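Data from entry-v9.csv: CSV, C-alpha atoms
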chain,number,residue,atom,x,y,z
A,5,MET,CA,-66.6,186.6,172.4
A,6,TYR,CA,-64.7,184.6,175.0
A,7,ALA,CA,-61.2,184.6,176.4
A,8,LYS,CA,-59.4,181.3,175.9
A,9,PRO,CA,-59.1,179.4,179.2
A,10,VAL,CA,-55.6,178.9,180.4
A,11,GLY,CA,-54.4,175.5,181.6
A,12,ILE,CA,-57.5,173.5,180.5
A,13,ASP,CA,-58.1,172.1,177.0
A,14,SER,CA,-61.1,174.1,175.9
A,15,GLU,CA,-61.3,172.0,172.7
A,16,LYS,CA,-62.0,169.0,174.9
A,17,TYR,CA,-64.0,170.5,177.7
A,18,ARG,CA,-66.7,173.2,178.1
A,19,VAL,CA,-65.3,175.7,180.6
A,20,VAL,CA,-67.5,177.9,182.8
A,21,ASP,CA,-65.2,180.3,184.5
A,22,LEU,CA,-66.8,181.8,187.6
A,23,ARG,CA,-63.7,182.9,189.5
A,24,SER,CA,-64.2,186.6,189.0
A,25,ASP,CA,-65.8,189.2,186.8
A,26,THR,CA,-62.2,190.4,186.1
A,27,LEU,CA,-62.4,187.7,183.4
A,28,THR,CA,-64.8,189.8,181.3
A,29,VAL,CA,-63.5,190.6,177.8
A,30,PRO,CA,-64.4,193.6,175.6
A,31,THR,CA,-67.6,193.3,173.6
A,32,PRO,CA,-67.5,193.7,169.8
A,33,GLU,CA,-68.9,197.2,170.1
A,34,MET,CA,-66.1,198.1,172.6
A,35,ARG,CA,-63.5,196.7,170.2
A,36,GLN,CA,-64.9,198.8,167.4
A,37,ALA,CA,-65.0,201.9,169.6
A,38,MET,CA,-61.4,201.3,170.7
A,39,PHE,CA,-60.3,200.9,167.1
A,40,THR,CA,-61.8,204.2,166.0
A,41,ALA,CA,-61.1,206.2,169.3
A,42,GLU,CA,-59.7,209.7,168.9
A,43,VAL,CA,-56.7,210.0,171.2
A,44,GLY,CA,-54.2,212.4,172.6
A,45,ASP,CA,-51.7,212.7,175.5
A,46,ASP,CA,-53.7,212.2,178.7
A,47,VAL,CA,-50.9,213.3,181.0
A,48,TYR,CA,-51.3,216.7,179.3
A,49,GLY,CA,-55.1,216.3,179.6
A,50,GLU,CA,-55.3,216.2,175.8
A,51,ASP,CA,-56.9,212.8,175.2
A,52,PRO,CA,-60.5,213.7,174.1
A,53,THR,CA,-61.8,210.2,174.7
A,54,VAL,CA,-60.5,210.1,178.2
A,55,ASN,CA,-61.8,213.6,178.9
A,56,GLU,CA,-65.3,212.5,177.7
A,57,LEU,CA,-65.2,209.4,179.8
A,58,GLU,CA,-64.2,211.4,182.9
A,59,ARG,CA,-66.9,214.0,182.2
A,60,LYS,CA,-69.6,211.4,181.6
A,61,ALA,CA,-68.7,209.5,184.7
A,62,ALA,CA,-68.8,212.7,186.9
A,63,GLU,CA,-72.2,213.5,185.4
A,64,ILE,CA,-73.6,210.0,186.1
A,65,PHE,CA,-72.3,210.0,189.7
A,66,GLY,CA,-73.2,213.5,190.5
A,67,LYS,CA,-69.6,214.5,191.3
A,68,GLU,CA,-67.6,217.5,190.1
A,69,ALA,CA,-64.8,215.6,188.4
A,70,GLY,CA,-63.3,212.3,187.5
A,71,LEU,CA,-59.9,210.7,186.9
A,72,PHE,CA,-59.1,207.7,184.7
A,73,VAL,CA,-56.6,205.4,186.4
A,74,PRO,CA,-55.1,201.9,185.6
A,75,SER,CA,-56.7,200.0,188.5
A,76,GLY,CA,-59.1,200.1,191.4
A,77,THR,CA,-56.1,199.5,193.8
A,78,MET,CA,-54.5,202.7,192.5
A,79,ALA,CA,-57.8,204.6,192.8
A,80,ASN,CA,-58.2,203.6,196.4
A,81,LEU,CA,-54.6,204.4,197.2
A,82,LEU,CA,-55.0,207.9,195.6
A,83,ALA,CA,-58.1,208.6,197.6
A,84,ILE,CA,-56.2,207.6,200.8
A,85,MET,CA,-53.2,209.8,199.9
A,86,VAL,CA,-55.3,212.9,199.1
A,87,HIS,CA,-57.6,212.6,202.1
A,88,CYS,CA,-54.8,211.6,204.5
A,89,ASN,CA,-52.3,214.2,203.4
A,90,LYS,CA,-50.0,213.9,206.4
A,91,ARG,CA,-47.9,210.9,207.0
A,92,GLY,CA,-48.9,209.1,210.2
A,93,SER,CA,-52.6,209.6,209.6
A,94,GLU,CA,-55.1,206.9,210.1
A,95,ALA,CA,-58.1,205.5,208.1
A,96,ILE,CA,-60.9,203.4,209.6
A,97,THR,CA,-62.1,200.5,207.5
A,98,GLY,CA,-63.8,197.1,207.8
A,99,HIS,CA,-61.7,194.0,208.5
A,100,MET,CA,-63.0,192.3,205.4
A,101,ASN,CA,-62.7,195.3,203.0
A,102,HIS,CA,-60.7,194.9,199.9
A,103,THR,CA,-58.4,197.8,200.7
A,104,PHE,CA,-57.2,196.0,203.8
A,105,LEU,CA,-57.2,192.4,202.5
A,106,TYR,CA,-56.0,192.6,198.9
A,107,GLU,CA,-54.1,195.8,198.2
A,108,GLN,CA,-50.8,194.8,199.7
A,109,GLY,CA,-51.0,197.2,202.6
A,110,GLY,CA,-50.4,200.1,200.1
A,111,ALA,CA,-51.9,202.6,202.5
A,112,ALA,CA,-49.0,202.0,205.0
A,113,GLN,CA,-46.4,200.9,202.4
A,114,LEU,CA,-46.7,203.9,200.1
A,115,ALA,CA,-48.9,206.5,201.8
A,116,GLY,CA,-47.7,206.3,205.4
A,117,VAL,CA,-51.3,205.7,206.6
A,118,SER,CA,-52.3,203.1,209.1
A,119,LEU,CA,-55.6,201.2,208.9
A,120,ASN,CA,-57.8,200.9,212.0
A,121,LEU,CA,-60.1,197.9,211.6
A,122,ILE,CA,-63.7,197.4,212.6
A,123,GLN,CA,-65.4,194.0,212.4
A,124,ASN,CA,-67.6,193.8,209.3
A,125,LYS,CA,-71.1,192.5,209.8
A,126,PRO,CA,-72.3,189.8,207.3
A,127,ASP,CA,-74.0,192.6,205.2
A,128,GLY,CA,-70.8,194.5,204.7
A,129,THR,CA,-71.6,197.3,207.2
A,130,PHE,CA,-69.9,197.8,210.6
A,131,CYS,CA,-71.0,199.3,213.9
A,132,LEU,CA,-71.4,203.0,213.8
A,133,ASN,CA,-70.9,203.4,217.5
A,134,GLU,CA,-67.6,201.7,217.1
A,135,VAL,CA,-66.6,204.2,214.4
A,136,ARG,CA,-67.2,207.0,217.0
A,137,ARG,CA,-65.0,205.1,219.5
A,138,LYS,CA,-62.3,204.5,217.0
A,139,ILE,CA,-61.7,208.1,216.0
A,140,ARG,CA,-58.3,209.2,217.4
A,141,GLY,CA,-55.8,212.0,217.4
A,142,PHE,CA,-56.7,213.8,220.6
A,143,ASP,CA,-53.2,213.5,222.1
A,144,CYS,CA,-49.7,213.1,220.9
A,145,HIS,CA,-49.6,209.4,221.4
A,146,GLU,CA,-52.2,208.6,218.7
A,147,PRO,CA,-52.3,208.8,214.9
A,148,LYS,CA,-54.9,211.2,213.7
A,149,THR,CA,-57.9,209.7,212.1
A,150,GLN,CA,-58.8,211.5,208.8
A,151,LEU,CA,-60.7,209.0,206.7
A,152,VAL,CA,-63.3,206.2,206.7
A,153,LEU,CA,-63.2,203.6,203.9
A,154,ILE,CA,-66.3,201.5,202.8
A,155,GLU,CA,-66.8,198.9,200.1
A,156,ASN,CA,-70.0,198.7,198.0
A,157,THR,CA,-70.9,196.1,196.8
A,158,HIS,CA,-68.9,194.2,199.4
A,159,ASN,CA,-66.9,191.4,197.8
A,160,ILE,CA,-66.0,189.1,200.6
A,161,CYS,CA,-69.4,189.5,202.3
A,162,GLY,CA,-70.9,188.0,199.1
A,163,GLY,CA,-71.7,190.9,196.9
A,164,LYS,CA,-73.8,192.6,199.5
A,165,VAL,CA,-75.2,196.1,199.0
A,166,LEU,CA,-74.7,198.7,201.7
A,167,PRO,CA,-78.0,200.2,202.9
A,168,LEU,CA,-78.4,203.8,201.9
A,169,LYS,CA,-79.5,204.8,205.4
A,170,TRP,CA,-76.4,203.4,206.9
A,171,ILE,CA,-74.1,205.3,204.5
A,172,GLU,CA,-76.0,208.5,205.3
A,173,GLU,CA,-75.6,208.0,209.0
A,174,LEU,CA,-71.9,207.1,208.6
A,175,SER,CA,-71.4,210.2,206.5
A,176,GLY,CA,-73.0,212.3,209.3
A,177,ILE,CA,-70.5,210.9,211.8
A,178,CYS,CA,-67.7,211.7,209.5
A,179,LYS,CA,-68.8,215.3,209.0
A,180,GLU,CA,-69.3,215.8,212.8
A,181,ASN,CA,-65.7,214.7,213.3
A,182,GLY,CA,-64.0,216.4,210.3
A,183,LEU,CA,-63.4,213.0,208.5
A,184,LYS,CA,-63.6,212.2,204.8
A,185,LEU,CA,-65.6,209.2,203.5
A,186,HIS,CA,-64.4,207.2,200.5
A,187,MET,CA,-66.3,204.4,198.8
A,188,ASP,CA,-64.5,201.6,197.1
A,189,GLY,CA,-67.3,201.2,194.6
A,190,ALA,CA,-65.6,198.7,192.3
A,191,ARG,CA,-69.1,197.2,191.6
A,192,VAL,CA,-71.2,200.1,192.7
A,193,PHE,CA,-73.3,199.9,189.5
A,194,ASN,CA,-74.5,196.5,190.8
A,195,ALA,CA,-75.5,198.2,194.0
A,196,ALA,CA,-77.5,200.7,192.1
A,197,THR,CA,-79.1,198.0,190.0
A,198,TYR,CA,-80.1,196.0,193.0
A,199,LEU,CA,-81.6,199.1,194.8
A,200,LYS,CA,-83.3,200.3,191.6
A,201,VAL,CA,-81.9,203.8,192.0
A,202,PRO,CA,-79.4,206.0,190.0
A,203,VAL,CA,-75.8,205.4,191.0
A,204,SER,CA,-75.7,209.1,192.0
A,205,THR,CA,-78.1,208.2,194.8
A,206,VAL,CA,-75.8,205.5,196.1
A,207,VAL,CA,-72.8,207.8,196.3
A,208,LYS,CA,-74.4,211.1,197.3
A,209,ASP,CA,-73.1,211.0,200.9
A,210,VAL,CA,-69.5,210.1,200.2
A,211,ASP,CA,-66.6,212.5,199.5
A,212,SER,CA,-65.0,210.3,196.9
A,213,VAL,CA,-65.8,207.1,195.1
A,214,CYS,CA,-64.1,204.8,192.6
A,215,PHE,CA,-65.6,202.2,190.3
A,216,CYS,CA,-64.0,199.5,188.1
A,217,LEU,CA,-64.4,199.4,184.4
A,218,SER,CA,-62.5,196.1,183.9
A,219,LYS,CA,-64.7,193.9,186.2
A,220,ASN,CA,-68.4,193.7,185.7
A,221,LEU,CA,-68.5,196.4,183.0
A,222,SER,CA,-66.4,194.2,180.6
A,223,CYS,CA,-63.7,196.8,179.7
A,224,PRO,CA,-60.1,195.7,179.3
A,225,ILE,CA,-58.4,198.1,181.7
A,226,GLY,CA,-59.1,200.9,184.2
A,227,SER,CA,-61.1,202.5,187.0
A,228,ILE,CA,-62.5,206.0,187.5
A,229,LEU,CA,-61.9,208.0,190.7
A,230,LEU,CA,-64.5,210.8,191.4
A,231,GLY,CA,-64.8,213.7,193.8
A,232,THR,CA,-64.5,217.4,194.0
A,233,LYS,CA,-62.4,219.3,191.4
A,234,GLU,CA,-59.8,220.1,194.1
A,235,PHE,CA,-59.7,216.4,195.1
A,236,ILE,CA,-59.2,215.2,191.5
A,237,LYS,CA,-56.6,217.9,190.9
A,238,ASP,CA,-54.5,216.5,193.8
A,239,ALA,CA,-55.2,212.9,192.7
A,240,HIS,CA,-54.1,213.7,189.2
A,241,ARG,CA,-50.7,215.0,190.5
A,242,LEU,CA,-50.2,211.9,192.7
A,243,ARG,CA,-51.2,209.6,189.9
A,244,LYS,CA,-48.0,210.6,188.1
A,245,ALA,CA,-45.9,209.8,191.1
A,246,LEU,CA,-47.4,206.3,191.3
A,247,GLY,CA,-46.7,205.7,187.6
A,248,GLY,CA,-50.3,205.9,186.6
A,249,GLY,CA,-49.9,208.7,184.0
A,250,MET,CA,-50.7,207.1,180.6
A,251,ARG,CA,-50.5,208.7,177.2
A,252,GLN,CA,-52.8,207.8,174.3
A,253,VAL,CA,-55.0,205.9,176.7
A,254,GLY,CA,-58.2,206.8,174.9
A,255,ILE,CA,-57.8,203.5,173.0
A,256,VAL,CA,-59.0,201.7,176.2
A,257,ALA,CA,-61.1,204.5,177.7
A,258,ALA,CA,-63.4,204.3,174.7
A,259,ALA,CA,-64.7,200.9,176.0
A,260,GLY,CA,-65.9,202.7,179.1
A,261,LEU,CA,-68.3,204.9,177.1
A,262,VAL,CA,-69.8,201.8,175.5
A,263,ALA,CA,-70.1,200.2,178.9
A,264,PHE,CA,-72.3,203.1,180.2
A,265,GLU,CA,-74.7,202.7,177.3
A,266,LYS,CA,-74.7,198.9,176.7
A,267,VAL,CA,-73.4,197.0,179.8
A,268,VAL,CA,-74.8,198.9,182.8
A,269,PRO,CA,-78.4,198.6,181.7
A,270,ARG,CA,-78.2,194.7,181.6
A,271,LEU,CA,-76.3,194.1,184.9
A,272,ASN,CA,-79.5,192.7,186.4
A,273,GLN,CA,-79.1,189.6,184.1
A,274,ASP,CA,-75.9,188.8,186.0
A,275,HIS,CA,-77.9,189.0,189.2
A,276,GLU,CA,-80.5,186.7,187.8
A,277,HIS,CA,-77.9,184.2,186.8
A,278,ALA,CA,-76.3,184.3,190.2
A,279,MET,CA,-79.7,183.7,191.9
A,280,LYS,CA,-80.5,180.9,189.6
A,281,ILE,CA,-77.4,179.0,190.5
A,282,ALA,CA,-77.8,179.9,194.2
A,283,LYS,CA,-81.4,178.7,194.3
A,284,ALA,CA,-80.4,175.4,192.6
A,285,ILE,CA,-77.8,174.8,195.3
A,286,PHE,CA,-80.3,175.8,198.1
A,287,ASP,CA,-83.0,173.5,196.7
A,288,LEU,CA,-80.6,170.6,196.7
A,289,LYS,CA,-80.8,170.6,200.5
A,290,SER,CA,-77.4,169.1,200.8
A,291,PRO,CA,-76.1,168.3,204.3
A,292,ASN,CA,-72.7,169.6,203.3
A,293,PHE,CA,-73.3,172.7,201.1
A,294,THR,CA,-75.8,175.6,201.2
A,295,VAL,CA,-76.4,179.2,200.1
A,296,ASP,CA,-78.1,181.8,202.3
A,297,ILE,CA,-80.6,182.4,199.5
A,298,ALA,CA,-82.2,185.4,201.3
A,299,THR,CA,-79.0,187.4,201.1
A,300,VAL,CA,-78.0,186.8,197.4
A,301,GLN,CA,-78.3,190.3,196.0
A,302,THR,CA,-76.0,190.9,193.1
A,303,ASN,CA,-73.5,189.0,190.8
A,304,ILE,CA,-71.5,187.5,193.7
A,305,PHE,CA,-72.4,184.8,196.2
A,306,MET,CA,-70.8,182.3,198.5
A,307,ILE,CA,-71.4,178.6,198.8
A,308,GLU,CA,-71.1,177.8,202.5
A,309,LEU,CA,-69.3,174.6,203.5
A,310,LYS,CA,-71.2,173.0,206.4
A,311,ASN,CA,-68.8,170.1,206.9
A,312,ASP,CA,-65.4,171.1,208.2
A,313,LYS,CA,-64.0,167.9,206.7
A,314,ILE,CA,-64.6,169.4,203.3
A,315,LYS,CA,-62.1,172.1,202.3
A,316,SER,CA,-62.8,174.8,199.7
A,317,ASP,CA,-59.8,173.9,197.6
A,318,GLN,CA,-61.1,170.3,197.4
A,319,VAL,CA,-64.4,171.6,196.0
A,320,THR,CA,-62.8,173.9,193.5
A,321,GLU,CA,-60.4,171.2,192.3
A,322,ARG,CA,-63.3,168.7,191.8
A,323,PHE,CA,-65.3,171.4,189.9
A,324,LYS,CA,-62.3,171.5,187.4
A,325,THR,CA,-62.1,167.7,187.1
A,326,VAL,CA,-64.0,165.7,184.5
A,327,THR,CA,-64.3,162.0,185.3
A,328,GLU,CA,-65.3,159.1,183.0
A,329,GLN,CA,-68.3,158.4,185.2
A,330,GLU,CA,-69.8,161.9,185.0
A,331,ILE,CA,-69.5,161.7,181.2
A,332,LYS,CA,-71.4,158.4,181.3
A,333,ASP,CA,-73.9,160.1,183.6
A,334,GLY,CA,-74.6,162.8,181.0
A,335,ILE,CA,-72.8,165.7,182.7
A,336,VAL,CA,-71.9,167.2,179.3
A,337,ASP,CA,-72.7,170.1,177.1
A,338,GLU,CA,-74.8,170.0,174.0
A,339,ASN,CA,-71.8,168.7,172.0
A,340,GLY,CA,-70.9,166.0,174.5
A,341,LYS,CA,-68.0,167.8,176.1
A,342,GLY,CA,-67.3,167.4,179.8
A,343,ILE,CA,-68.0,170.5,181.9
A,344,VAL,CA,-65.3,172.3,183.9
A,345,VAL,CA,-66.4,175.0,186.4
A,346,LYS,CA,-63.8,177.3,187.7
A,347,SER,CA,-64.6,179.0,191.1
A,348,GLY,CA,-62.9,181.0,193.8
A,349,SER,CA,-61.3,179.7,197.0
A,350,ARG,CA,-58.4,180.6,199.2
A,351,ASP,CA,-58.3,179.5,202.9
A,352,TRP,CA,-62.0,180.2,203.0
A,353,SER,CA,-64.9,178.3,204.6
A,354,PHE,CA,-66.8,179.0,201.4
A,355,VAL,CA,-66.5,178.9,197.6
A,356,ARG,CA,-67.1,182.1,195.8
A,357,LEU,CA,-69.0,182.3,192.4
A,358,VAL,CA,-69.1,185.5,190.3
A,359,LEU,CA,-71.3,186.0,187.3
A,360,TYR,CA,-70.7,188.5,184.5
A,361,LEU,CA,-71.5,189.4,180.9
A,362,GLN,CA,-70.0,186.5,179.1
A,363,ILE,CA,-71.8,183.9,181.4
A,364,ASP,CA,-75.1,183.5,179.5
A,365,ASP,CA,-78.1,181.3,180.0
A,366,VAL,CA,-76.5,178.3,178.5
A,367,LEU,CA,-73.3,178.5,180.6
A,368,THR,CA,-75.4,179.2,183.7
A,369,ASP,CA,-77.3,176.0,183.2
A,370,LEU,CA,-74.1,174.0,182.5
A,371,ALA,CA,-72.6,175.3,185.7
A,372,ILE,CA,-75.7,174.2,187.7
A,373,LYS,CA,-75.5,170.7,186.1
A,374,LYS,CA,-71.9,170.3,187.1
A,375,ILE,CA,-72.1,171.8,190.6
A,376,LEU,CA,-75.1,169.8,191.6
A,377,TYR,CA,-73.5,166.6,190.4
A,378,VAL,CA,-70.3,167.3,192.3
A,379,PHE,CA,-72.3,168.1,195.5
A,380,LYS,CA,-74.3,164.9,195.3
A,381,GLU,CA,-71.0,163.1,194.9
A,382,PHE,CA,-69.6,164.7,198.1
A,383,ASP,CA,-72.8,164.0,199.9
A,384,ARG,CA,-72.5,160.3,199.1
A,385,LYS,CA,-68.9,160.3,200.2
A,386,PHE,CA,-69.6,162.0,203.5
A,387,ALA,CA,-72.9,160.3,204.3
Encoded form using structure tokens:
Amino acid sequence: MYAKPVGIDSEKYRVVDLRSDTLTVPTPEMRQAMFTAEVGDDVYGEDPTVNELERKAAEIFGKEAGLFVPSGTMANLLAIMVHCNKRGSEAITGHMNHTFLYEQGGAAQLAGVSLNLIQNKPDGTFCLNEVRRKIRGFDCHEPKTQLVLIENTHNICGGKVLPLKWIEELSGICKENGLKLHMDGARVFNAATYLKVPVSTVVKDVDSVCFCLSKNLSCPIGSILLGTKEFIKDAHRLRKALGGGMRQVGIVAAAGLVAFEKVVPRLNQDHEHAMKIAKAIFDLKSPNFTVDIATVQTNIFMIELKNDKIKSDQVTERFKTVTEQEIKDGIVDENGKGIVVKSGSRDWSFVRLVLYLQIDDVLTDLAIKKILYVFKEFDRKFA
């Protein structure tokens, strides 16, 4: 079951949309579960399906309690607000972390919390000695550091998985200095899949964690925030203030229970599809495009642009264009339709591709066919 592409005639073209795993749509099993879900008022804590989803998530993650929220952005903001419960507090995070880049400065805008940045390394980690140096609040001129934020897997670092030893060492520094540690685990199940460990092992050293249901897990809406019972009690209260208190939301929460059973066990297929595309690009040996094949770990990877005359938006636009010549050259699907590939780019020196449940073997191979054709075209142009 696929969502209908917007802005491109899907009757004329075969669309392979690799912009993000937010494009997933509910599976037929999810839709059936949603249709038959028992519901109640979740603000009162009376939606049995939500309660079961929160209980199950807490059990899987090895945490005391969970809270269903509309989005990962809200989950991260709630964690910041609970852990940094005095305005003027500070949280340390990586300069490429989602909370800093893509959540509209909500920590400062809504929580009164400033973010103190550390340079992310290519693997998504940052220097632990610098964490120690960044901790502040020892005199009246400074904000008081209360929290460290990490992201796992790390989106803009190309779906990288944080090493367990690094998380453990960072947790130790936090404990030594009275800080809390929160993990933005939007795709943390991908991390667990890559490491071949239970997700509870990945999050054992953090005080709180959230994960997204509506990305790689193919649910329509929602994230889960997890931590101690006291932490979740405070987050539940603040959720109401942020407008996140929903009523008969078991209708969508039901999809999450299906995801645990049916989607999580097959996430490795997304990793395999990502690696297949990445390897095809690597093997092309293009002078203009490459992939660091040794670091492709999960369902996200970056295509590096080696020629500064080629811009990422040029590449993404060409992926979406079907020419008469490429049709003549056989760059078509099994029904003779031209192939459109959608990919992610901003002002980046790379193009991002993200694999997910609905991108099957056939679509993966079509994406490779189109991408390699386009790269060879660029290579001829810039030879």
For this session: Name the closest residue to Glu308 (chain A) among the candidates A:Thr97, A:Thr26, A:Ser353, A:Gln150; distances are taken between atoms, counting only C-alpha atoms.
Result: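 The answer is A:Ser353, which sits nearest to Glu308 (chain A).
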For this session: Measure the distance from CA of Leu288 (chain A) to CA of Tyr17 (chain A) in Å and round it to one decimal.
Result: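 Computing the Euclidean distance for CA of Leu288 (chain A) and CA of Tyr17 (chain A) yields 25.2 Å.
For the residues A:Met38, A:Val73, A:Val43, A:Ala387, ranking by smallest atom-to-atom distance to Lys244 (chain A) using all atoms listed in the file places A:Val73 first.
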Exercise. For Asp364 (chain A), which residue among A:Asp337, A:Glu276, A:Glu265, A:Glu328 is the nearest when counting all atoms listed in the file?
Worked result: A:Glu276
Exercise. Using all atoms listed in the file, which of the listed residues (A:Ala298, A:Cys214, A:Met85, A:Val135) sits closest to Ile228 (chain A)?
Worked result: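 Among the listed residues, A:Cys214 lies closest to Ile228 (chain A).
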For this session: Write out as a VMD selection string each polymer residue whose atoms come within 9 Å of region 29-35 of chain A, counting all atoms listed in the file; drop sequence neighbours fewer than 3 positions from it.
Result: chain A and resid 5 to 7 26 38 to 40 218 221 to 224 256 258 to 263 266 361 to 362
All residues 10 Å or closer to Arg59 (chain A), only C-alpha atoms, same chain fewer than 5 positions away omitted, as an mmCIF file with C-alpha atoms, in the frame of the given file:
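Written file, result_4.cif:
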data_model
loop_
_atom_site.group_PDB
_atom_site.id
_atom_site.type_symbol
_atom_site.label_atom_id
_atom_site.label_comp_id
_atom_site.auth_asym_id
_atom_site.auth_seq_id
_atom_site.Cartn_x
_atom_site.Cartn_y
_atom_site.Cartn_z
ATOM 1 C CA THR A 53 -61.800 210.200 174.700
ATOM 2 C CA VAL A 54 -60.500 210.100 178.200
ATOM 3 C CA ILE A 64 -73.600 210.000 186.100
ATOM 4 C CA LYS A 67 -69.600 214.500 191.300
ATOM 5 C CA GLU A 68 -67.600 217.500 190.100
ATOM 6 C CA ALA A 69 -64.800 215.600 188.400
ATOM 7 C CA GLY A 70 -63.300 212.300 187.500
ATOM 8 C CA LEU A 71 -59.900 210.700 186.900
#
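Every protein, DNA or RNA residue with an atom at most 12 Å from Arg322 (chain A), where all atoms listed in the file count and chain neighbours fewer than 6 positions away do not, is listed here: Ile314, Lys315, Ser316, Glu330, Ile343, Val344, Val345, Lys346, Ser347, Lys374, Ile375, Leu376, Tyr377, Val378, Phe379, Glu381 and Phe382 of chain A.
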For this session: Counting only C-alpha atoms, figure out which residue out of A:Phe142, A:Ser290, A:Leu81, A:Gln273 gets nearest to Ile363 (chain A).
Result: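 Among A:Phe142, A:Ser290, A:Leu81, A:Gln273, it is A:Gln273 that comes nearest to Ile363 (chain A).
Nearest residue to Arg140 (chain A), choosing from A:Asn181, A:Ser175, A:Gln123, A:Asn80 and counting only C-alpha atoms: A:Asn181.
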For this session: Tell me, as a VMD selection string, which residues lie within 12 Å of Gly342 (chain A), counting all atoms listed in the file; anything in the same chain fewer than 3 positions away does not count.
Result: chain A and resid 12 to 20 323 to 339 345 370 to 371 373 to 374
Problem set entry | Straight-line distance linking CA of Gly92 (chain A) with CA of Gly182 (chain A), stated in Å to one decimal |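 Going from CA of Gly92 (chain A) over to CA of Gly182 (chain A) covers 16.8 Å.
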Restrict the calculation to all atoms listed in the file, then for each residue of region 237-350 of chain A with any atom at most 12 Å from an atom of region 111-117 of chain A give the closest atom pair and their distance in Å to one decimal, rows by chain and rising residue number, as CSV.
residue,atom,partner,partner_atom,distance
A:Leu242,CA,A:Ala115,CA,10.7
A:Ala245,CA,A:Leu114,CA,10.8
A:Leu246,CA,A:Leu114,CA,9.1
What does the file look like for those residues with C-alpha atoms, as a JSON list (two decimals), keeping the file's coordinate frame?
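To be explicit, this is the file written out as result.json:
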[["chain", "number", "residue", "atom", "x", "y", "z"],
["A", 242, "LEU", "CA", -50.20, 211.90, 192.70],
["A", 245, "ALA", "CA", -45.90, 209.80, 191.10],
["A", 246, "LEU", "CA", -47.40, 206.30, 191.30]]
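Across the structure, CA of Lys283 (chain A) and CA of Ile304 (chain A) are spaced 13.3 Å apart.
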Quick one: which region 71-94 of chain A residues come within 12 Å of region 229-232 of chain A, and what is the nearest atom pair for each with the distance in Å to one decimal, counting only C-alpha atoms, rows ordered by chain and ascending number, as a tab-separated table?
residue	atom	partner	partner_atom	distance
A:Leu71	CA	A:Leu229	CA	5.1
A:Phe72	CA	A:Leu229	CA	6.6
A:Val73	CA	A:Leu229	CA	7.3
A:Pro74	CA	A:Leu229	CA	10.5
A:Ser75	CA	A:Leu229	CA	9.8
A:Gly76	CA	A:Leu229	CA	8.4
A:Thr77	CA	A:Leu229	CA	10.7
A:Met78	CA	A:Leu229	CA	9.3
A:Ala79	CA	A:Leu229	CA	5.7
A:Asn80	CA	A:Leu229	CA	8.1
A:Leu81	CA	A:Leu229	CA	10.4
A:Leu82	CA	A:Leu229	CA	8.5
A:Ala83	CA	A:Leu229	CA	7.9
A:Ile84	CA	A:Leu229	CA	11.6
A:Val86	CA	A:Gly231	CA	10.9
A:His87	CA	A:Gly231	CA	11.0
Exercise. Could you name the residues that touch Ile154 (chain A) at 8 Å or less, counting only C-alpha atoms, but leaving out those on the same chain fewer than 4 positions away, as a list of chain:residue names?
Worked result: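 Near Ile154 (chain A), the qualifying residues are A:Thr97, A:Gly98, A:Asn101, A:Leu185, A:His186, A:Met187, A:Asp188.
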Problem set entry | Neighbour residues at most 12 Å from (-66.4, 199.7, 198.2) (all atoms listed in the file) as a ChimeraX atom specification | /A:76-77,79-80,97-98,100-104,128-129,152-161,163-166,171,185-195,206-207,210,212-216
Keeping N, CA, C and O atoms, write region 24-30 of chain A of the structure just shown out as a PDB file, in the first residue's frame.
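File produced: decode-v8.pdb:
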ATOM      1  N   SER A  24      12.553  10.598   2.910  1.00  0.00           N
ATOM      2  CA  SER A  24      12.535  10.369   4.361  1.00  0.00           C
ATOM      3  C   SER A  24      11.666   9.165   4.678  1.00  0.00           C
ATOM      4  O   SER A  24      10.755   8.817   3.909  1.00  0.00           O
ATOM      5  N   ASP A  25      11.933   8.543   5.820  1.00  0.00           N
ATOM      6  CA  ASP A  25      11.050   7.464   6.265  1.00  0.00           C
ATOM      7  C   ASP A  25       9.801   7.995   6.954  1.00  0.00           C
ATOM      8  O   ASP A  25       8.962   7.223   7.413  1.00  0.00           O
ATOM      9  N   THR A  26       9.635   9.316   6.994  1.00  0.00           N
ATOM     10  CA  THR A  26       8.344   9.872   7.419  1.00  0.00           C
ATOM     11  C   THR A  26       7.266   9.604   6.373  1.00  0.00           C
ATOM     12  O   THR A  26       6.081   9.811   6.634  1.00  0.00           O
ATOM     13  N   LEU A  27       7.684   9.134   5.206  1.00  0.00           N
ATOM     14  CA  LEU A  27       6.741   8.874   4.111  1.00  0.00           C
ATOM     15  C   LEU A  27       6.068   7.514   4.232  1.00  0.00           C
ATOM     16  O   LEU A  27       5.218   7.164   3.409  1.00  0.00           O
ATOM     17  N   THR A  28       6.437   6.740   5.222  1.00  0.00           N
ATOM     18  CA  THR A  28       5.795   5.448   5.418  1.00  0.00           C
ATOM     19  C   THR A  28       4.294   5.619   5.618  1.00  0.00           C
ATOM     20  O   THR A  28       3.830   6.643   6.123  1.00  0.00           O
ATOM     21  N   VAL A  29       3.558   4.601   5.233  1.00  0.00           N
ATOM     22  CA  VAL A  29       2.109   4.595   5.449  1.00  0.00           C
ATOM     23  C   VAL A  29       1.744   3.328   6.225  1.00  0.00           C
ATOM     24  O   VAL A  29       2.477   2.335   6.207  1.00  0.00           O
ATOM     25  N   PRO A  30       0.623   3.352   6.937  1.00  0.00           N
ATOM     26  CA  PRO A  30       0.244   2.182   7.729  1.00  0.00           C
ATOM     27  C   PRO A  30       0.052   0.936   6.868  1.00  0.00           C
ATOM     28  O   PRO A  30      -0.472   1.002   5.758  1.00  0.00           O
TER      29      PRO A  30
END
